[in-house]
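**Q** Just dropping this structure here.
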Amino acid sequence: MLRFFLSRYNRWSLVGLAVVVGLWVVIPLIWNDLYRANLHVINWFPIAIWIFMTALLCWDVRPARDVALAVLALAGGFLFEGMGTRTGLWTYFTGEKPPVWILPAWPVAALATARIAFVLDRLLMGRPINWKALYWLFVCVLVVVTALFFRPVILMPPIWVMSAVGVLVIVTGRAYRRDVSLIVAGMALGYFLEYWGTSRACWTYYTGQTPPLATVMAHGCAQVVFARALDAMDWGLKRLGASWTVRARDGSDLAME
């Protein structure tokens, strides 16, 4: 197993490291005033998270797939953050709707989550688990939790659009093991990111929770949305005679692979 993990670090890992380190350097330079004013919220906890995520981003780097996922996550993050801040579901300490400085975190988190999900998927492969039932169990819980969280803004058009996208994603899924892996990985990483951000008042949800269960689950759901988009792109590539995915033993396409 250790050999498997180490073998996934290659020459592209250095490129990935350079990109990530570049982000860590450029972001504080661009938003220097915010960075200097909030040094007190930076301690071992966020540093450990970002080191862990950096190590993940340098693991098993595949440029075409990673760039596509990063672009999708950046666009999705912009739409999701805009929806949340403009409807008042959450606010940032800067009052921006949404703040530009938070957007780079979305592709970083998406890539890190995809790496974790890939490992989970491989560990779970062949297990006697009803993945379809497990997937739909998560969906049912997500619908209830999200509906309760969205109650104050349920009649706003952005919520209708997001709900429609959510329904489309839910009903078009067939790679249940992969999706469960993405959900678990997204929720696990999302909890730590949400806990740090809300406990330091970097962003605040209208419920005052640190963090709300709905937002933790949303991290897993977002990863499934990105995977669906990659599936659609992969379908288009296959029509052109190309592909960046590898078919798993059970016949499901692993868009994060």
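Following the order of the structure tokens, first chain is A, next is B, and so on, with residues numbered from 1 inside each chain and ligands from 1 in the order they appear.
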Would you return as a PyMOL selection string the members of stretch 71-209 of chain A that DSSP assigns to alpha helix (DSSP H) on this structure's backbone?
**A** chain A and resi 71-87+105-124+131-149+157-171+176-199
**Q** Take the selection from the previous step and output its residues with C-alpha atoms, as a CSV table (one decimal), in the first residue's frame.
**A**
chain,number,residue,atom,x,y,z
A,71,VAL,CA,-12.1,25.2,-13.6
A,72,LEU,CA,-15.4,23.6,-12.8
A,73,ALA,CA,-14.9,24.1,-9.1
A,74,LEU,CA,-13.9,27.7,-9.5
A,75,ALA,CA,-17.1,28.4,-11.6
A,76,GLY,CA,-19.2,26.4,-9.2
A,77,GLY,CA,-17.7,28.1,-6.2
A,78,PHE,CA,-18.5,31.5,-7.6
A,79,LEU,CA,-22.1,30.6,-8.3
A,80,PHE,CA,-22.6,28.9,-4.9
A,81,GLU,CA,-20.9,31.6,-2.9
A,82,GLY,CA,-22.9,34.3,-4.8
A,83,MET,CA,-26.2,32.4,-4.1
A,84,GLY,CA,-25.4,32.1,-0.4
A,85,THR,CA,-24.2,35.6,0.3
A,86,ARG,CA,-26.8,37.3,-1.8
A,87,THR,CA,-29.7,35.4,-0.2
A,105,ALA,CA,-10.2,27.6,-2.1
A,106,TRP,CA,-12.8,25.8,-4.2
A,107,PRO,CA,-10.6,24.2,-6.8
A,108,VAL,CA,-8.0,23.4,-4.1
A,109,ALA,CA,-10.7,21.7,-2.0
A,110,ALA,CA,-12.2,19.9,-5.0
A,111,LEU,CA,-8.8,18.5,-6.1
A,112,ALA,CA,-8.0,17.4,-2.6
A,113,THR,CA,-11.4,15.8,-2.1
A,114,ALA,CA,-11.0,13.9,-5.4
A,115,ARG,CA,-7.7,12.4,-4.2
A,116,ILE,CA,-9.2,11.3,-0.9
A,117,ALA,CA,-12.3,9.8,-2.8
A,118,PHE,CA,-10.0,8.0,-5.2
A,119,VAL,CA,-8.3,6.2,-2.3
A,120,LEU,CA,-11.6,5.5,-0.6
A,121,ASP,CA,-13.0,4.1,-3.8
A,122,ARG,CA,-10.1,1.7,-4.2
A,123,LEU,CA,-10.3,0.6,-0.6
A,124,LEU,CA,-14.1,0.0,-0.9
A,131,TRP,CA,-23.9,1.3,-2.8
A,132,LYS,CA,-27.2,2.3,-4.4
A,133,ALA,CA,-29.1,2.1,-1.2
A,134,LEU,CA,-26.3,3.9,0.7
A,135,TYR,CA,-26.3,6.6,-2.0
A,136,TRP,CA,-30.1,7.1,-1.8
A,137,LEU,CA,-29.9,7.1,2.0
A,138,PHE,CA,-27.6,10.1,1.8
A,139,VAL,CA,-29.8,11.8,-0.7
A,140,CYS,CA,-32.9,11.5,1.6
A,141,VAL,CA,-31.0,12.9,4.5
A,142,LEU,CA,-29.6,15.7,2.4
A,143,VAL,CA,-33.0,16.7,1.1
A,144,VAL,CA,-34.4,17.0,4.6
A,145,VAL,CA,-31.4,18.8,6.1
A,146,THR,CA,-31.1,21.2,3.2
A,147,ALA,CA,-34.8,22.0,3.1
A,148,LEU,CA,-34.7,22.9,6.8
A,149,PHE,CA,-31.6,25.1,6.2
A,157,PRO,CA,-35.3,32.1,-7.5
A,158,PRO,CA,-31.6,31.3,-6.9
A,159,ILE,CA,-32.8,28.5,-4.6
A,160,TRP,CA,-35.1,27.2,-7.2
A,161,VAL,CA,-32.3,27.0,-9.7
A,162,MET,CA,-29.9,25.3,-7.3
A,163,SER,CA,-32.6,22.8,-6.3
A,164,ALA,CA,-33.3,22.0,-10.0
A,165,VAL,CA,-29.6,21.4,-10.6
A,166,GLY,CA,-29.5,19.2,-7.4
A,167,VAL,CA,-32.5,17.1,-8.6
A,168,LEU,CA,-30.8,16.6,-12.0
A,169,VAL,CA,-27.6,15.5,-10.4
A,170,ILE,CA,-29.4,13.1,-8.1
A,171,VAL,CA,-31.4,11.3,-10.7
A,176,TYR,CA,-22.9,4.8,-6.8
A,177,ARG,CA,-19.7,3.6,-5.2
A,178,ARG,CA,-17.8,6.5,-6.7
A,179,ASP,CA,-20.4,9.0,-5.6
A,180,VAL,CA,-20.5,7.7,-2.0
A,181,SER,CA,-16.7,8.0,-1.9
A,182,LEU,CA,-17.0,11.6,-3.1
A,183,ILE,CA,-19.7,12.4,-0.6
A,184,VAL,CA,-17.8,10.9,2.4
A,185,ALA,CA,-14.5,12.6,1.3
A,186,GLY,CA,-16.2,15.9,0.7
A,187,MET,CA,-18.0,15.9,4.0
A,188,ALA,CA,-14.9,14.9,5.9
A,189,LEU,CA,-12.7,17.6,4.5
A,190,GLY,CA,-15.6,20.1,4.4
A,191,TYR,CA,-16.2,19.7,8.1
A,192,PHE,CA,-12.7,20.8,9.0
A,193,LEU,CA,-12.7,23.7,6.6
A,194,GLU,CA,-16.2,24.8,7.8
A,195,TYR,CA,-15.3,24.4,11.5
A,196,TRP,CA,-12.2,26.6,11.1
A,197,GLY,CA,-13.9,29.3,9.1
A,198,THR,CA,-17.1,29.5,11.3
A,199,SER,CA,-15.3,29.2,14.6
**Q** Could you jot down the atom CA of A:Leu17 to atom CA of A:Cys58 separation for me, Å, one decimal place?
**A**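 These two atoms are separated by 5.7 Å.
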**Q** Taking only stretch 45-247 of chain A into account, list the residues labelled strand (DSSP E) by DSSP (computed from the backbone), as a ChimeraX atom specification.
**A** /A:90-92,203-205,246-247
**Q** Given the choices A:Phe150, A:Trp203, A:Trp235, A:Phe226, which gets closest to A:Lys97 if the distance is worked out from only C-alpha atoms?
**A** A:Trp203
**Q** Report, in Å to a single decimal, how far apart atom CA of A:Pro99 and atom CA of A:Ile27 are.
**A** 12.6 Å
**Q** Excluding stretch 39-51 of chain A and its own-chain neighbours fewer than 3 positions away, which residues fall within 7 Å of it when counting only C-alpha atoms? Please give them as number ranges by chain.
**A** A: 35-36, 54-55, 196, 200
**Q** Smallest atom-to-atom distance to A:Thr215: which of A:Leu230, A:Trp90, A:Leu237, A:Met125, using only C-alpha atoms?
**A** A:Trp90
**Q** So that I can check the surroundings of A:Tyr206, please list as an MDAnalysis selection string every protein, DNA and RNA residue that reaches within 9 Å of it, counting only C-alpha atoms and ignoring chain neighbours fewer than 2 positions away.
**A** chainID A and resid 88:91 204 208:209
**Q** Mind pulling up the distance from atom CA of A:Phe93 to atom CA of A:Val19?
**A**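 We find that atom CA of A:Val19 and atom CA of A:Phe93 lie 27.4 Å from each other.
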**Q** With distances taken over only C-alpha atoms, which residue among A:Arg228, A:Thr207, A:Glu96, A:Gly16 lies nearest A:Ala175?
**A**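 So, comparing all the options, the nearest one is A:Arg228.
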